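To start, the structure under review is shown below, and the notes come after it.
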Amino acid sequence: MRQKQDKYTRSARGKPCQVRIPGVCNFNPETTVLAHLNGGGGGTKHLNIHGAYACSTCHTWLDGGYVKTHARADRDLAHMEAIVRTQIIMVNDGVLIL
């Protein structure tokens with residue numbers, strides 16, 4: 001089932017990728033989407049505030065492409081760092097209000 005878009009998922013449109021994996025990132029903001037943190041369990045996703053702005057190729061890398069070149073811990077760290085960078089942008093843009 002497709003999740004309904006909200007202000008968090010819509011905020012990714014046109015934003016620079018915050019995952020930025022060397023040799024993977026396409027740096028094309030036209031392909032940026034909100035990449036949810038893995039591990040929601042039971043076919044669910046984490047909350048949208050636990051997502052990172054990711055270009056299409058970094059999103060694919062996060063969803064499993066990493067296994068060819070990186071350990072899962074490397075993927076998880078890269079995603080968490082990108083989530084923090086994304087949350088800062090969301091706060092500065094007034095999308096995420098603390």
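The way I read the labels, and the way they are meant: chains A, B, ... in the order of the structure tokens, residue 1 as the first residue of every chain, and ligand 1 as the first ligand shown, with later ones counted on from there.
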| task | Go through chain A and collect every residue that DSSP, computed from the backbone, puts in alpha helix (DSSP H); the answer should be as number ranges by chain. | result | A: 7-10, 56-62, 72-92
| Contacts of segment 63-74 of chain A at 12 Å (only C-alpha atoms; same-chain gap of 3+ positions) as a ChimeraX atom specification | /A:19,21-24,35-39,54,56-60,77-81
For those residues, write C-alpha atoms to a file as a tab-separated table (two decimals), in the first residue's frame.
```tsv
chain	number	residue	atom	x	y	z
A	19	VAL	CA	23.21	10.69	1.79
A	21	ILE	CA	27.70	8.16	-1.02
A	22	PRO	CA	30.96	8.62	-2.97
A	23	GLY	CA	30.81	6.85	-6.33
A	24	VAL	CA	27.06	6.31	-5.95
A	35	ALA	CA	14.41	7.61	2.27
A	36	HIS	CA	12.99	6.12	5.47
A	37	LEU	CA	15.19	4.52	8.09
A	38	ASN	CA	15.12	0.75	7.70
A	39	GLY	CA	13.75	-1.55	10.36
A	54	ALA	CA	18.22	10.84	-0.95
A	56	SER	CA	17.50	7.97	-6.65
A	57	THR	CA	20.85	6.17	-6.71
A	58	CYS	CA	21.62	6.71	-3.03
A	59	HIS	CA	18.09	5.53	-2.19
A	60	THR	CA	18.68	2.34	-4.16
A	77	LEU	CA	25.78	5.10	9.81
A	78	ALA	CA	25.57	6.87	6.44
A	79	HIS	CA	21.76	6.87	6.67
A	80	MET	CA	21.71	8.18	10.24
A	81	GLU	CA	24.15	10.98	9.39
```
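Look at Arg13 of chain A: the protein and nucleic acid residues within 10 Å of it, using only C-alpha atoms and passing over chain neighbours fewer than 2 places away, are Tyr8, Thr9, Arg10, Ser11, Lys15, Pro16, Pro29, Glu30, Thr31, Thr32, Val33, Leu34 and Tyr53 of chain A.
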Would you put the residues from that selection into a file with C-alpha atoms, as a PDB file, in the first residue's frame?
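Heads up, here's the output in again27.pdb:
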```
ATOM      1  CA  TYR A   8       7.899  15.722   5.194  1.00  0.00           C
ATOM      2  CA  THR A   9       7.847  13.591   2.071  1.00  0.00           C
ATOM      3  CA  ARG A  10       6.893  16.581  -0.103  1.00  0.00           C
ATOM      4  CA  SER A  11       9.735  18.625   1.392  1.00  0.00           C
ATOM      5  CA  LYS A  15      16.426  19.209  -2.343  1.00  0.00           C
ATOM      6  CA  PRO A  16      20.064  18.097  -2.578  1.00  0.00           C
ATOM      7  CA  PRO A  29      17.901  17.107  -6.845  1.00  0.00           C
ATOM      8  CA  GLU A  30      15.190  16.252  -9.390  1.00  0.00           C
ATOM      9  CA  THR A  31      15.420  12.612  -8.216  1.00  0.00           C
ATOM     10  CA  THR A  32      15.408  13.315  -4.462  1.00  0.00           C
ATOM     11  CA  VAL A  33      12.888  11.508  -2.263  1.00  0.00           C
ATOM     12  CA  LEU A  34      12.594  10.867   1.467  1.00  0.00           C
ATOM     13  CA  TYR A  53      16.727  13.322   1.515  1.00  0.00           C
TER      14      TYR A  53
END
```
| Taking into account only C-alpha atoms, which residue in the set A:Ala82, A:Ile49, A:Ile88, A:Cys25 is nearest to Lys7 of chain A? |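 Distance minimum relative to Lys7 of chain A lands on A:Ile49.
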| field | All residues 8 Å or closer to Thr86 of chain A, only C-alpha atoms, same chain fewer than 6 positions away omitted, as a list in words | value |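 Using only C-alpha atoms, the neighbours found are Gln18, Gly51, Ala52 and Tyr53 of chain A.
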| request: From the DSSP assignment of the backbone, select every residue of segment 20-66 of chain A that is strand (DSSP E or B), and format the answer as a list in words. | output: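 Of segment 20-66 of chain A, only Val33, Leu34, Ala35, His36, Gly51, Ala52, Tyr53 and Ala54 of chain A fall in strand (DSSP E or B).
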| field | Å distance separating atom CA of Asp93 of chain A from atom CA of Ala12 of chain A, one decimal place | value |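 Value for the atom CA of Asp93 of chain A-atom CA of Ala12 of chain A distance: 11.2 Å.
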| query | Could you work out how far atom CA of Leu98 of chain A lies from atom CA of Leu62 of chain A, giving the answer in Å with one decimal? | reply |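 Rounded to one decimal, the two atoms are 27.2 Å apart.
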| message | Just the number, please: distance in Å from atom CA of Lys45 of chain A to atom CA of Ile89 of chain A, one decimal. | response |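 The value is 21.3 Å.
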